[in-house]
Structures are given as structure tokens and as C-alpha cells.
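In what follows, a single structure is set out as C-alpha cells and then discussed.
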Amino acid sequence: MLSAQSTPIVRATLPAVGAHLTTITELFYRRMFEERPELLRTLFNRANQANGAQREALAGAVAAFATVLVERPGERPDAILGRIAHKHASLGITSDQYTLVGRHLLGAVAEVLGDAVTPEVASAWDEVYWLMANALIAMEARLYAEAQVDNGDVWREMEIAERTEESADSASFVLRRPDGLPTRPFLPGQYVSVQVELPDGARQIRQYSLSTAPDRKTWRITVKRERAVDGSAPDGEVSTWLHAHARVGDVLRVSLPFGDLVLPDGDGPIVLASAGIGITPMISMLDHLARASSSRRVTVVHADRSPAHHAHRAEHGELTSRIPGASLHLWYETGAGEPAVPHARDGRADLTDLPLSEDATAYLCGPLPFMRAVRGDLLDKGLHPANIHYEVFGPDLWLSK
């Protein structure tokens with residue numbers, strides 16, 4: 001909880017800080033990388049730095065956290081911080097790194113806002129930062145403890161046991177421990193980080209959902225090859241490398257599983273809605289439900305560019321068919337009328353005419369516009385906002401919009 005003396009200061013300055021947050025975070029990253037250039041090559045996503053997505057996500061998270069502190073002081077902002085903590089744990093972030101971040105972030109605030117940052121204002125925002133940082137440090141320590149590892153000790157070597165081309169632009173990789181022992185357990189919907197060394201020597205990290213049920217001796221990830229769109233961004237560095245070079249027998253550096261979009265036990269109705277490569281955590285959940293002979297009512301929704309781009313298409317349908325209470329609803333931008341994909345619809349996903357229970361719990365994964373549209377449909381059908389969960393691949397820009 002923010003102190004009594006800092007609350008009115010943060011409330012009064014939040015509009016000014018919020019209006020300049022993108023400039024502040026841009027300066028923060030530039031100053032930090034000037035001091036520690038290796039971080040951009042080994043920890044931070046270079047593509048998200050180049051396109052501004054990372055600083056936009058950071059700005060949104062800081063603004064949302066500060067807003068909760070001053071407007072809803074009795075509320076724990078765990079929903080804001082939980083996703084960040086899981087992402088940090090998958091990267092092996094440790095508490096000492098928060099000192100570096102705090103110094104450059106608060107320095108950027110002072111530099112951008114100039115004389116408006118009095119000692120009292122600086123002290124109040126320092127308190128905001130360390131409330132956020134210490135909450136994340138505590139969450140991450142709990143995640144490391146639950147994984148039974150020392151803080152930050154999350155990286156392991158994993159061998160590629162199988163590679164399968166799953167669609168026109170995605171491939172799956174079955175991963176096993178080189179010593180032959182079973183892989184670590186995980187929860188349906190979680191992800192791992194993968195670090196690869198690129199031709200320029202940089203070691204870049206990306207997160208990929210585990211795309212099978214957890215009760216197996218191996219893990220599986222499914223990677224979409226990210227390609228440039230209209231020249232607006234380069235091809236995905238890590239996905240391109242994996243598609244071009246990762247073969248059976250190769251060893252990858254992979255983190256332990258983390259992620260807070262997980263399917264809990266229970267018997268209530270659920271909605272699994274995905275688009276594109278967002279299908280991967282849903283495949284894990286469906287595989288888990290099918291292997292458990294679940295009797296839950298499951299509404300499965302998926303949208304994609306075409307049947308050829310629908311990763312795990314046959315498996316998706318087969319897993320759904322093994323769950324007695326499940327139904328599959330597909331939308332394709334093109335190719336919905338093909339004989340091999342009966343009952344698929346043209347266009348974008350529209351849940352308006354689907355029979356859904358108001359007490360259902362929904363899990364969403366896909367591009368942000370898709371998730372916003374589906375969330376709107378679910379709210380219109382009476383689902384409670386607290387029962388609608390989502391996963392974002394890359395920086396979480398939901399809070400910044």
C-alpha cells in the first residue's frame with residue numbers, strides 16, 4: 001500500500017507521468033542499454049525494442065499499477081503483476097536486476113519531466129517503483145521455490161526428439177532430457193523460454209507454449225515462423241532460426257515451464273478460444289481433458305487464415321471429439337468451404353449464436369484484436385469479467401490500449 005504522504009503526490013502527478021510514459025520508457029531503455037549493451041543481445045527481445053512494443057507494454061503496466069495504488073488502495077494488483085512475474089521467471093530474472101532497472105527508470109522520469117520532479121515527487125515515484133518491484137521479486141521467488149530451484153536457475157539443455165511440420169508456417173518440436181529421465185511436470189497452458197544463438201552472436205529468447213498434456217515423458221512446443229508483413233518489420237529472429245536449423249538430435253537451451261494461463265481442476269463449463277498460433281495452449285488443455293476422460297462442457301473456438309495455416313488441425317478435431325461434452329467451431333478467412341473442413345465458417349470468429357453458459361470460464365489466446373472481440377462477445381453473453389482469462393505472445397499490450 002502506498003504511504004499516506006506519497007498517495008496525494010502520485011495522484012496529482014499521475015496524469016503528467018502517464019502522458020509522458022512512452023517517452024520515459026524509451027529513454028529508460030536507451031540509457032540502460034548504453035550502460036549494459038549485452039542485455040539487448042542476451043535478455044531483451046531486440047524486435048520488440050525496435051518496434052516499440054516493449055516500452056509500450058512497460059508504460060501500460062506502470063500506469064495501471066500506479067492507478068490501482070491511488071484509486072483502489074485496498075486492492076492487491078496481482079492480476080497486473082502475475083503475468084509479468086511468470087515471464088520474468090521464465091527468463092531467470094533475479095532480484096539484483098531490479099536495482100539497475102529502478103535507477104534508469106526513475107532517472108528517465110526526472111529527465112523527461114524536468115523541474116516538475118521535486119524531491120517529494122521523486123520520492124513518491126521511487127516508492128511506487130519499489131512497491132511494484134518488491135511485489136514482483138516476492139512472486140518470482142515463490143515461483144522459483146515451487147519449481148524447487150535457486151532463484152534464476154531455470155535453464156536446462158533439452159534434445160529435439162521429433163520435428164513435425166504442422167501447417168504451412170508452423171513446426172512442432174518434441175523435447176526430451178538428454179539423460180532420458182522424464183521432463184519436469186507443468187500445468188496445461190504453460191510455456192517455456194527457448195534461447196538460441198544467432199549468426200551475429202546474439203543470444204535471443206522467445207516463449208513458446210507447451211502444446212501437449214503435461215503427463216508425458218517429453219515436452220512439445222509449436223513454433224510459427226514469423227515473417228515480415230509489408231516490410232514493416234523483419235522476420236522473427238528466433239522462429240526463423242528454429243525453422244531453418246533445428247533438427248532431431250540438436251540440443252536447445254530451454255527454461256522450466258511457467259505461465260499463469262492454466263486450466264484448473266473442476267467440472268464447470270469452459271470456453272477455449274484461439275486464433276492462429278494461439279491454438280498451442282488450447283491444444284495442451286484439450287489433450288489434458290481428453291486424457292482425463294473429462295465430462296466438462298467445452299466450447300472450442302478457433303479462427304485462422306485458412307485450413308492450411310491451422311496448426312494441429314487434425315489433432316484439434318480429434319482431441320475435441322474425444323471429449324463427450326465438447327464442440328468445435330471454426331472460422332477461416334479463406335477456404336472454409338473445402339470438403340476436408342466441414343462446418344467451418346467464413347470470416348472472423350463471432351460467438352453471437354453459440355450457446356454459452358453464464359457461469360463458463362473462458363481462456364483466450366491469439367492476436368489482441370481477436371481477443372478483444374471475443375471478450376466482448378463473452379461479456380454480452382453474461383460471462384463475468386473475472387472468468388475471462390487470456391495469454392499474450394510477446395509484450396502484454398492489453399493494459400496500454
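The chains in the C-alpha cells are called A, B, ... from first to last as shown; in each chain the residues are counted from 1, and the ligands are counted from 1 in the order shown.
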>> Taking the DSSP secondary structure from the backbone, can you list the residues of segment 30-243 of chain A that are strand (DSSP E or B), as a ChimeraX atom specification?
In response: /A:155-165,170-176,191-197,203-210,219-224
For segment 304-349 of chain A versus segment 190-211 of chain A, which residues have an atom no more than 12 Å away, and what is each residue's nearest atom pair and distance in Å rounded to one decimal, using only C-alpha atoms, chain-then-number order, as CSV?
```
residue,atom,partner,partner_atom,distance
A:Ala311,CA,A:Ser211,CA,10.7
A:His312,CA,A:Ser211,CA,9.5
A:Glu315,CA,A:Ser211,CA,10.9
A:His316,CA,A:Ser211,CA,10.9
```
Keeping C-alpha atoms for every residue in the selection just given, could you write it to a file as a PDB file, in the first residue's frame?
```
ATOM      1  CA  ALA A 311      -1.645 -25.712 -36.896  1.00  0.00           C
ATOM      2  CA  HIS A 312      -2.537 -29.111 -35.393  1.00  0.00           C
ATOM      3  CA  GLU A 315      -5.268 -33.172 -33.754  1.00  0.00           C
ATOM      4  CA  HIS A 316      -7.502 -30.260 -32.745  1.00  0.00           C
TER       5      HIS A 316
END
```
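Distances here use only C-alpha atoms; by that measure, the residue among A:Thr23, A:Ser90, A:Ser6, A:Gln49 closest to Phe258 of chain A is A:Ser90.
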>> I'd like the contact shell of Ala4 of chain A - 12 Å cut-off, only C-alpha atoms, skipping same-chain residues fewer than 3 positions apart - returned as a ChimeraX atom specification.
In response: /A:1,7-11,69-70,73,124,127
Mind dumping the selected residues with C-alpha atoms as a PDB file, in the first residue's frame?
```pdb
ATOM      1  CA  MET A   1       0.000   0.000   0.000  1.00  0.00           C
ATOM      2  CA  THR A   7      -0.588   8.971  -2.289  1.00  0.00           C
ATOM      3  CA  PRO A   8      -1.684  12.584  -2.987  1.00  0.00           C
ATOM      4  CA  ILE A   9       1.589  13.299  -4.816  1.00  0.00           C
ATOM      5  CA  VAL A  10       1.244  10.271  -7.081  1.00  0.00           C
ATOM      6  CA  ARG A  11      -2.429  11.033  -7.675  1.00  0.00           C
ATOM      7  CA  LEU A  69      -2.413   2.228  -5.767  1.00  0.00           C
ATOM      8  CA  VAL A  70      -4.151   5.611  -5.704  1.00  0.00           C
ATOM      9  CA  PRO A  73      -5.658   1.240  -2.288  1.00  0.00           C
ATOM     10  CA  ALA A 124       6.822   9.249  -4.181  1.00  0.00           C
ATOM     11  CA  GLU A 127       8.058   4.305  -3.624  1.00  0.00           C
TER      12      GLU A 127
END
```
> Which residues, written as a PyMOL selection string, have at least one atom at most 12 Å from Pro369 of chain A, with only C-alpha atoms counted and residues fewer than 2 positions away on the same chain left out?
Replying inline: chain A and resi 274-275+348-349+364-367+371-376+392+397-398+401
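For segment 291-296 of chain A, the set of protein, DNA and RNA residues having any atom at most 6 Å away, when counting only C-alpha atoms and skipping those fewer than 6 positions along the same chain, is A:Asp267, A:Pro269, A:Gly325.
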> Looking only at the backbone, which of the residues in segment 112-272 of chain A does DSSP tag as helix (DSSP H, G or I), as a PyMOL selection string?
Replying inline: chain A and resi 112-116+119-146+237-245
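For the residues A:Leu39, A:Leu106, A:Ile80, A:Val128, ranking by smallest atom-to-atom distance to Ala66 of chain A using only C-alpha atoms places A:Val128 first.
The residue that comes closest to Gly60 of chain A, out of A:Gly18, A:Gly114, A:Gly337, A:Pro182 and on the basis of only C-alpha atoms, is A:Gly18.
Atom CA of Trp125 of chain A is found 20.8 Å from atom CA of Gln54 of chain A.
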>> I'd like the contact shell of His302 of chain A - 9 Å cut-off, only C-alpha atoms, skipping same-chain residues fewer than 4 positions apart - returned as a ChimeraX atom specification.
In response: /A:272-276,278-279,310,328-332,349
